[in-house]
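Data block below; observations after.
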Amino acid sequence: MNSLFQKFGLDETEARVYSALLTLGSGTVTEVTSTADVTRTLGYSVLEKLQSYGLVKNVSRETSKKKIFIAESPEKIVNFVEKRKNDWNDKLEEAKKSLPNILSLYKMGSKPVLRYEENISIVENVSRETFSEGSEICSIINLNGCSDSLKSIVIKNISDNSLSRKVIIIDEDDQSLIEASHIKKISSEMVPSLKNLKGEVSFQGKTMLAITPKQMDVSATIIECDTVNMMLSALFDLAWNNL
């Protein structure tokens, strides 16, 4: 039963004391703590907390030196969980409202941030969530020899008209991808080392995303670094303007 009470939001000691008092029905601090196998000092403090949760009631007489507690109806545990739920809903809303301020602190960090993910479904989610509306996304893509799943993710990315993009595609024969004005094609013969680039490398602002093949799966690497992305942006602009 203690583990169940912990699922409802009580910590381990609170669950033990509450369970002990339910079993006893009523009892002094000494009786309850002895049953719960906790120290008297700790048990008294926990009983006070349980009382504040509405699960326990102090029925001692004012003139009595002994504190006597009874367990409230077990139905009160539902009220307790409901209150916790409402409290967390309030915290969730506060977190959403505070997110812009938190992100402003995060963006001010001087150290690069690296994140790595595997698994097609995770990479697909990361790919959708990494970039936002605003500044242009620049991409270099080579789908030759890539799996159909990786191709599907990359093609969805560059076909997303909700975001502003510039895309350089290497040796791609799919004519549907090179008709759009934001897509340009180059031959790897121009830069032989580009043959080794498989998948997608995209960057926006301080964020770079690389989606690459990994054996039978797909991996995503996200790097957040102003300096790296400034260099990548400059190199991309040089290539784009000379195509």
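Lettering and numbering for the structure tokens are positional, with chains as A, B, ... in the shown order, residues counted from 1 in each chain, and ligands counted from 1 in the shown order.
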(message) I need the residues in region 58-151 of chain A that are strand (DSSP E) according to DSSP; give them as a list of chain:residue names.
(response)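 Everything in region 58-151 of chain A that counts as strand (DSSP E) is A:Asn58, A:Ile68, A:Phe69, A:Ile70, A:Ala71, A:Val113, A:Leu114, A:Arg115, A:Tyr116, A:Glu117, A:Glu118, A:Ile137, A:Cys138, A:Ser139, A:Ile140, A:Ile141, A:Asn142.
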(message) I'd like the contact shell of Ala220 (chain A) - 9 Å cut-off, only C-alpha atoms, skipping same-chain residues fewer than 2 positions apart - returned as a list of chain:residue names.
(response)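 Result of the neighbour search: A:Arg115, A:Tyr116, A:Glu117, A:Glu118, A:Asn119, A:Ile122, A:Val123, A:Glu124, A:Val126, A:Ser127, A:Leu209, A:Ala210, A:Ile211, A:Thr212, A:Pro213, A:Val218, A:Ile222.
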(request) Pick out the residues sitting within 12 Å of Lys156 (chain A), and hand them over as JSON, numbers by chain; count only C-alpha atoms, and ignore anything fewer than 2 positions along from it in its own chain. (result) {"A": [124, 125, 127, 128, 149, 150, 151, 152, 153, 154, 158, 159, 160, 161, 162, 163, 177, 200]}
Could you save the residues just selected, with C-alpha atoms, as a PDB file, in the first residue's frame?
```pdb
ATOM      1  CA  GLU A 124      12.081  12.917 -37.532  1.00  0.00           C
ATOM      2  CA  ASN A 125      10.722  14.754 -34.479  1.00  0.00           C
ATOM      3  CA  SER A 127      14.181  17.526 -37.475  1.00  0.00           C
ATOM      4  CA  ARG A 128      10.765  19.197 -37.211  1.00  0.00           C
ATOM      5  CA  SER A 149      13.731   6.543 -44.572  1.00  0.00           C
ATOM      6  CA  LEU A 150      16.491   9.169 -44.477  1.00  0.00           C
ATOM      7  CA  LYS A 151      15.460  10.475 -47.891  1.00  0.00           C
ATOM      8  CA  SER A 152      11.871  10.759 -46.688  1.00  0.00           C
ATOM      9  CA  ILE A 153      12.878  12.867 -43.664  1.00  0.00           C
ATOM     10  CA  VAL A 154      15.128  15.170 -45.689  1.00  0.00           C
ATOM     11  CA  ILE A 158      13.130  20.922 -47.704  1.00  0.00           C
ATOM     12  CA  SER A 159       9.535  20.751 -48.968  1.00  0.00           C
ATOM     13  CA  ASP A 160       8.201  22.546 -45.880  1.00  0.00           C
ATOM     14  CA  ASN A 161       6.990  25.877 -47.243  1.00  0.00           C
ATOM     15  CA  SER A 162       6.271  27.292 -43.784  1.00  0.00           C
ATOM     16  CA  LEU A 163       9.993  27.979 -43.278  1.00  0.00           C
ATOM     17  CA  LEU A 177      13.546  18.726 -56.139  1.00  0.00           C
ATOM     18  CA  GLU A 200      21.544  16.716 -44.648  1.00  0.00           C
TER      19      GLU A 200
END
```
(request) Could you check which of A:Gln215, A:Met230, A:Phe8, A:Ser98 is closest to Lys83 (chain A), using only C-alpha atoms? (result) A:Phe8
(request) For CA of Tyr53 (chain A) and CA of Val78 (chain A), determine how far apart the two atoms are, in Å to one decimal place. (result)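 That distance, rounded to one decimal, is 11.1 Å.
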(message) Give me the residues near Ser52 (chain A) as a PyMOL selection string, where near means some atom within 12 Å (using only C-alpha atoms) and where sequence neighbours in that chain fewer than 5 positions away do not count.
(response) chain A and resi 45-47+57-58+72+76+80
(request) Enumerate, as a ChimeraX atom specification, the complete set of residues in region 54-242 of chain A that a backbone-based DSSP assignment places in alpha helix (DSSP H). (result) /A:76-107,120-130,148-158,226-241
(message) I want to know what sits within 12 Å of Val201 (chain A), based on only C-alpha atoms, with residues of the same chain fewer than 2 positions away left out; could you give that as JSON, numbers by chain?
(response) {"A": [127, 137, 138, 139, 140, 141, 142, 143, 154, 157, 158, 166, 167, 168, 169, 170, 194, 197, 198, 199, 203, 204, 207, 208, 209, 210, 211, 212, 219, 220, 221, 222, 223, 229, 232, 233, 236]}
(message) Could you check the closest approach to Phe69 (chain A) for each of A:Thr13, A:Ser187, A:Gln51, A:Thr227 and tell me which residue wins, using only C-alpha atoms?
(response)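 Nearest candidate to Phe69 (chain A) out of A:Thr13, A:Ser187, A:Gln51, A:Thr227: A:Gln51.
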(request) Rank nothing, just name the residue among A:Ser164, A:Asn101, A:Ser19, A:Thr28 nearest to Ile68 (chain A), using only C-alpha atoms. (result)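 For Ile68 (chain A), the nearest of the candidates is A:Thr28.
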(request) Write out as an MDAnalysis selection string the residues lying within 12 Å of region 30-36 of chain A, counting only C-alpha atoms and excluding same-chain residues fewer than 2 positions away. (result) chainID A and resid 2 12:28 38:47 56 66:71
(request) Take CA of Gly54 (chain A) and CA of Phe5 (chain A) and report the distance between them in Å, one decimal. (result) 14.3 Å
